[in-house]
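Below is one structure, written out as structure tokens; the observations come after it.
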Amino acid sequence: MIAIFSPLLLLASAAFVAGHGQVHNITVNGQLYKAWEAYTDSKINPPPFKYTRALADQGFVPDFTTPDITCGAGGNLPAAGTIELKAGDEMLMHWSFTNLHPGPVMTYIAKCPNDDCSTFKGDQGNVWVKIDQLSYNRDAEPPWPSEFLVVNQGGRWIITIPPSLAPGEYLVRHEILALHLASQPKGAQFYPNCVQIRVTSGGTTELPSGIALPGAYDPTDEESILVWEYEIRAGLRGYTAPGGPVWSEAVPNKNRDA
């Protein structure tokens, strides 16, 4: 067999590998905070001052049953910067995600022990509490939030820190789940991004027990993860996003109304 090499094929392959997306920056109270840039920041020495944990690339987590699911495949190293805000403040996440992959958008928060995120990975225990979620809505256009984020929001997503949350340091985990290949075992594609925050004032409510990541995302979960997306879109079945319900202290998701 003769192998044929095409420059266009190589370019397409490179684009496929380098595609998908990540959070590029975060806006809080009008101030822009830069996120880790997967393909450039790892080449800079000393590393640049950023506010999200490092990502190896802009692709999905290769195996969501491993610790990579916590904050992405990048080592889950502490970010240099921590965003200061108040409980009730909004975080505007700016995504580079341009793929129209169907799926929900979710956000979790975990308390850093001793108010110190520099030694906290969040990859053990039921520490993650869901504070934001938008899932499939057949009556909306487009029905999938990940597509709505790209088409209607220009890659922007609003997260509100629960107004009753007690002060302290937290890790916020924001992700897109793509389901276009989820009919295959471990075909669901998760894109988590983690940002460190310090809540300076607010309420007195401590986080309840949450879910474990890794652990909570079961590859055999036929309600959320191992699903045929076309059956959902065709109205042949319903859909429940993984990770359990949103915390009762969270505010309603406002992205469809933004």
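Going by the structure tokens order, chains are called A, B, ..., each with residues numbered from 1, while ligands are numbered from 1 in the order shown.
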message = So that I can see what lies close to Gly103 of chain A, please list as a PyMOL selection string the residues with an atom at most 6 Å from it, counting only C-alpha atoms and leaving out residues fewer than 4 positions away in the same chain.
response = chain A and resi 144+146+177-179
Restricting the output to N, CA and C atoms, write the selected residues as a PDB file, in the first residue's frame.
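See part33.pdb below for the written result:
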ATOM      1  N   TRP A 144     -29.695  23.025  23.364  1.00  0.00           N
ATOM      2  CA  TRP A 144     -28.538  22.652  24.184  1.00  0.00           C
ATOM      3  C   TRP A 144     -27.783  23.904  24.639  1.00  0.00           C
ATOM      4  N   SER A 146     -24.659  24.348  25.531  1.00  0.00           N
ATOM      5  CA  SER A 146     -23.328  24.511  24.937  1.00  0.00           C
ATOM      6  C   SER A 146     -23.424  25.197  23.581  1.00  0.00           C
ATOM      7  N   LEU A 177     -19.993  20.000  28.847  1.00  0.00           N
ATOM      8  CA  LEU A 177     -20.023  18.578  28.534  1.00  0.00           C
ATOM      9  C   LEU A 177     -20.572  18.421  27.120  1.00  0.00           C
ATOM     10  N   ALA A 178     -19.793  17.779  26.251  1.00  0.00           N
ATOM     11  CA  ALA A 178     -20.215  17.543  24.873  1.00  0.00           C
ATOM     12  C   ALA A 178     -20.658  16.088  24.715  1.00  0.00           C
ATOM     13  N   LEU A 179     -21.838  15.893  24.121  1.00  0.00           N
ATOM     14  CA  LEU A 179     -22.454  14.566  24.071  1.00  0.00           C
ATOM     15  C   LEU A 179     -22.555  13.980  22.663  1.00  0.00           C
TER      16      LEU A 179
END
ask   = Do you know which residues are at most 6 Å from Ala38 of chain A counting only C-alpha atoms, after dropping those on the same chain fewer than 5 positions away, and could you put them as a PyMOL selection string?
value = chain A and resi 55-57
How would the residues just picked look written out with all heavy atoms as a JSON list (two decimals), in the first residue's frame?
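Result file is selection.json:
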[["chain", "number", "residue", "atom", "x", "y", "z"],
["A", 55, "LEU", "N", -3.83, 24.10, 31.83],
["A", 55, "LEU", "CA", -4.35, 23.05, 30.97],
["A", 55, "LEU", "C", -3.27, 22.63, 29.99],
["A", 55, "LEU", "O", -2.52, 23.47, 29.48],
["A", 55, "LEU", "CB", -5.57, 23.55, 30.19],
["A", 55, "LEU", "CG", -6.81, 23.91, 31.01],
["A", 55, "LEU", "CD1", -7.85, 24.58, 30.11],
["A", 55, "LEU", "CD2", -7.40, 22.67, 31.67],
["A", 56, "ALA", "N", -3.19, 21.33, 29.72],
["A", 56, "ALA", "CA", -2.19, 20.84, 28.78],
["A", 56, "ALA", "C", -2.57, 21.21, 27.35],
["A", 56, "ALA", "O", -1.70, 21.44, 26.50],
["A", 56, "ALA", "CB", -2.05, 19.32, 28.91],
["A", 57, "ASP", "N", -3.86, 21.26, 27.07],
["A", 57, "ASP", "CA", -4.36, 21.62, 25.75],
["A", 57, "ASP", "C", -5.81, 22.09, 25.88],
["A", 57, "ASP", "O", -6.33, 22.19, 26.99],
["A", 57, "ASP", "CB", -4.24, 20.45, 24.78],
["A", 57, "ASP", "CG", -4.92, 19.19, 25.31],
["A", 57, "ASP", "OD1", -6.05, 19.28, 25.81],
["A", 57, "ASP", "OD2", -4.30, 18.11, 25.23]]
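Nearest residue to Cys117 of chain A among A:Gln153, A:Gln196, A:Gln58, A:Thr98 is A:Gln196, counting only C-alpha atoms.
Distance annotation: of A:Pro78, A:Pro245, A:Gly72, A:Pro102, the residue with the minimal separation from Tyr136 of chain A is A:Pro102; atom set is only C-alpha atoms.
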request  = Report the residues of segment 25-236 of chain A whose backbone DSSP state falls under alpha helix (DSSP H), written as a PyMOL selection string.
outcome  = chain A and resi 68-71+145-151+229-233
